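Heads up: the structure comes next, in structure tokens.
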Amino acid sequence: MQNKEKKLTFKRMSDDEVRSLLLVMTKLFEECVDKCFNHSFYIAYNEYCEIHYAINQDMEMLIKRITTRYKHPYSLGLFIGWKRNEKFIPTPWLFSYVYGCLGKIKAAIQINEKASYLYLYGRDIFASSIMKIYEPIKEGNYVAVLDYEGEIIGVGLLLKSPLKAEGNEVVVKNVFDMGWFLRRGG
Amino acid sequence: MTPIISFEKVLKDINIRPSIEATRLASKFGYRPYMVERYIEILGLDEVKELLEAFEKPLTPSIRCNTLKLKDCDLLIKYLESKGYVLKRIEWHQYGYRVLKRGKPRLGATREYLLGYYYLYRGVASQLPPLVMNPKPHTYVLDMAAAPGGKLTHIAQLMNNTGLILGIDISRSKIRALRSHINRLGVLNTVLLRADSIKAINSLGLEDFFDYVLLDAPCTGEGIIQIDKSRKVKTTLEDLAKFVTKQIEMLVVALKVVKPGGIIIYSTCSIAPEENEYVVSKALEFFRGEAIVETPSNYRSLFSQGLIEFHKLKFREDLKNALRLYPHLHDCEGFFVCRIRRKS
């Protein structure tokens, strides 16, 4: 995540790009999240990746000044996700922000204590480790992974509905976990 | 651009000749003699021995409970105590704790750390500058040497993630760590620039823009000898003069970008008067008295006063309002904090 940072260029998202992003989020949560974002959106990109940020109104003027007079910032505001193969991958911070705004948890799975620690070491999730499902979850979509105490510990890709899977089947592939801060995050 | 003060002038001003006693003590504890000579001038011979002995002891680490992620800090203490840690609240800090006994896993590897419930510091003094700044929500803050981010993320916490913080740092590896801390701790109001802060600020034209500026200046690190013994000998007087020249230049920039009536916090992890009172005096002299040194009264009784004279140098009277932290008196790294208000 964010490791190929050479020659990142920042640009403000166009209205069309913002609409498209908000639509992706609306599909993910099956609820309109436009009201949560009184923000501007920026993309940092290079030949390898595309990183998406949301910034508050106070930051907007400064960022305009930085991008026009100086050079590109290193990071800004809320890191909401990145794109891989044209697919938007949400960050745990986006899930956390949206939960705070909606006042409820959606598109998430909660796992038991043992699986929580294993997830923080980069492991995937077996069907038998899942304690609770927060709808909507859909195969091929990303879900927030909550630990045994309900804290967001990462983001996973739902491979198969836990309701249809055998206990020892991997149902969520680890996409990002907070253990990254220990392994690579500095 | 003409320098604000020349390296040669600084070197002449800070030159100090060690006494026989300073040389003897320096040899015993493994320091450069000029360093010990100045400690004697500040503290007197008896207290210097206490200081040098304190520098030999390990530093007590500390943590800051991150209320952006966890509203109930008692819960954090409970979690960490269950892992064998013993914590004690820092007497001048509502949500900062000294780590008196370590447990397992190490503090940088617990679930609570990864979830952003706390920030880990090598000592306690680094938690002081944001508290002395005490920024209001919805304001604009500049952090001129922001990485690795203990102070910047603390400021974001005090602002409850509102307003704007511009964090600048030149180090590629350190700013990477800062970005990680920002994400881990749930900080949302920050723009980071990897750049030389003086060049970046001048290019951006940010005069009178910020309500608060933090300049935790790059320094000799003379206050953290507890964790890096090489600092007893690594800084020559010429090296020191280079640091001082740069620090003055940075502080003058800070004075230009803060709004009239705004606050600058100047701090270093050094107890060298040359890097502290001398720097503030020279920068304010350049600014022609349009700023004053002040300190919230609740901190004055807790720490030592700033110096108003040292060796052959005389400093501004209001520098006694600055705060000096000494390992043998305050159970922390050596540190200096100064709150400067630009006049309206």
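Identifiers in the structure tokens: chain A, B, ... in order shown; residue index from 1 per chain; ligand index from 1 in order shown.
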Counting only C-alpha atoms, what are the residues of chain A within 9 Å of chain B, and for each of them which pair of atoms is the nearest and at what distance in Å, to one decimal? Sort the table by chain and rising number, as CSV.
```
residue,atom,partner,partner_atom,distance
A:Ala54,CA,B:Leu188,CA,8.9
A:Ile55,CA,B:Asn189,CA,7.5
A:Asn56,CA,B:Asn189,CA,7.3
A:Gln57,CA,B:Gly163,CA,8.6
A:Asp58,CA,B:Gly163,CA,5.8
A:Met59,CA,B:Leu164,CA,5.9
A:Leu62,CA,B:Val191,CA,8.6
A:Ile63,CA,B:Val191,CA,7.8
A:Arg65,CA,B:Leu204,CA,6.6
A:Ile66,CA,B:Leu204,CA,6.5
A:Arg69,CA,B:Leu204,CA,6.1
A:Tyr70,CA,B:Ser203,CA,6.2
A:Lys71,CA,B:Leu193,CA,8.8
A:His72,CA,B:Leu193,CA,7.5
A:Pro73,CA,B:Leu193,CA,4.8
A:Tyr74,CA,B:Leu193,CA,5.0
A:Ser75,CA,B:Leu192,CA,5.1
A:Leu76,CA,B:Val191,CA,4.3
A:Gly77,CA,B:Leu188,CA,4.7
A:Leu78,CA,B:Leu188,CA,5.0
A:Phe79,CA,B:Asn183,CA,7.6
A:Trp93,CA,B:Gly186,CA,7.3
A:Tyr117,CA,B:Arg111,CA,8.2
A:Leu120,CA,B:Arg111,CA,8.5
A:Glu151,CA,B:Leu115,CA,7.7
A:Ile152,CA,B:Leu115,CA,7.9
A:Ile153,CA,B:Leu115,CA,7.0
A:Met178,CA,B:Leu114,CA,5.7
A:Gly179,CA,B:Leu114,CA,6.5
A:Trp180,CA,B:Leu114,CA,8.6
A:Phe181,CA,B:Leu114,CA,6.7
A:Leu182,CA,B:Ala109,CA,6.5
A:Gly185,CA,B:Ser180,CA,5.6
A:Gly186,CA,B:Ala177,CA,4.6
```
Write the residues of the preceding selection, restricted to C-alpha atoms, as a tab-separated table (two decimals), in the first residue's frame.
```tsv
chain	number	residue	atom	x	y	z
A	54	ALA	CA	-10.94	13.45	0.79
A	55	ILE	CA	-10.11	16.85	2.26
A	56	ASN	CA	-12.06	19.36	4.32
A	57	GLN	CA	-12.80	22.90	3.15
A	58	ASP	CA	-10.05	24.45	5.29
A	59	MET	CA	-7.47	22.40	3.43
A	62	LEU	CA	-3.79	25.52	0.84
A	63	ILE	CA	-3.70	22.51	-1.46
A	65	ARG	CA	-1.64	26.93	-3.50
A	66	ILE	CA	0.71	23.98	-3.05
A	69	ARG	CA	2.97	27.35	-6.75
A	70	TYR	CA	5.19	24.66	-5.41
A	71	LYS	CA	4.91	20.96	-6.04
A	72	HIS	CA	2.84	18.02	-4.96
A	73	PRO	CA	1.95	17.24	-1.38
A	74	TYR	CA	3.03	13.97	0.16
A	75	SER	CA	-0.28	13.10	1.71
A	76	LEU	CA	-3.51	14.89	2.57
A	77	GLY	CA	-6.69	14.58	4.55
A	78	LEU	CA	-8.58	11.30	4.74
A	79	PHE	CA	-7.02	8.44	2.78
A	93	TRP	CA	-10.34	4.71	7.44
A	117	TYR	CA	-4.67	-11.91	15.74
A	120	LEU	CA	-3.15	-8.86	11.87
A	151	GLU	CA	-12.68	-2.60	16.11
A	152	ILE	CA	-11.80	-2.32	12.42
A	153	ILE	CA	-8.55	-4.21	11.87
A	178	MET	CA	-3.42	-2.94	10.61
A	179	GLY	CA	-0.43	-5.23	11.17
A	180	TRP	CA	1.01	-3.46	8.13
A	181	PHE	CA	2.07	-0.67	10.48
A	182	LEU	CA	4.26	-3.17	12.29
A	185	GLY	CA	4.67	1.12	8.21
A	186	GLY	CA	7.63	2.63	10.05
```
Give the helix (DSSP H, G or I) residues of segment 98-271 of chain B, as DSSP finds them on the backbone, and put them as a PyMOL selection string.
chain B and resi 111-114+125-133+150-158+172-185+197-204+222-224+229-232+237-257
All residues 12 Å or closer to Lys71 of chain B, only C-alpha atoms, same chain fewer than 2 positions away omitted, as a list of chain:residue names:
B:Cys65, B:Asn66, B:Thr67, B:Leu68, B:Lys69, B:Cys73, B:Asp74, B:Leu75, B:Leu76, B:Tyr95, B:Tyr117, B:Tyr118, B:Gln157, B:Asn160
Go ahead and save the residues from that selection, with C-alpha atoms, as a compact mmCIF listing (two decimals), in the first residue's frame.
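Okay, result-v5.txt is ready:
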```
# COMPACT_ATOMS: atom_id res chain seq x y z
CA CYS B 65 -3.74 8.08 24.83
CA ASN B 66 -5.26 9.06 21.47
CA THR B 67 -8.74 10.38 22.15
CA LEU B 68 -9.41 10.62 18.41
CA LYS B 69 -9.68 6.82 18.50
CA CYS B 73 -8.32 6.33 28.35
CA ASP B 74 -8.94 4.19 31.45
CA LEU B 75 -9.82 1.40 29.04
CA LEU B 76 -6.41 1.68 27.39
CA TYR B 95 -3.86 11.68 29.02
CA TYR B 117 -5.16 3.95 20.72
CA TYR B 118 -1.81 5.52 21.67
CA GLN B 157 -5.94 15.53 18.76
CA ASN B 160 -10.28 17.40 17.45
```
For segment 293-306 of chain B: contacts at 9 Å, only C-alpha atoms, fewer than 4 positions along chain excluded, given as number ranges by chain
B: 92, 132, 273, 276-277, 280, 316, 318-326, 329-330, 336-342
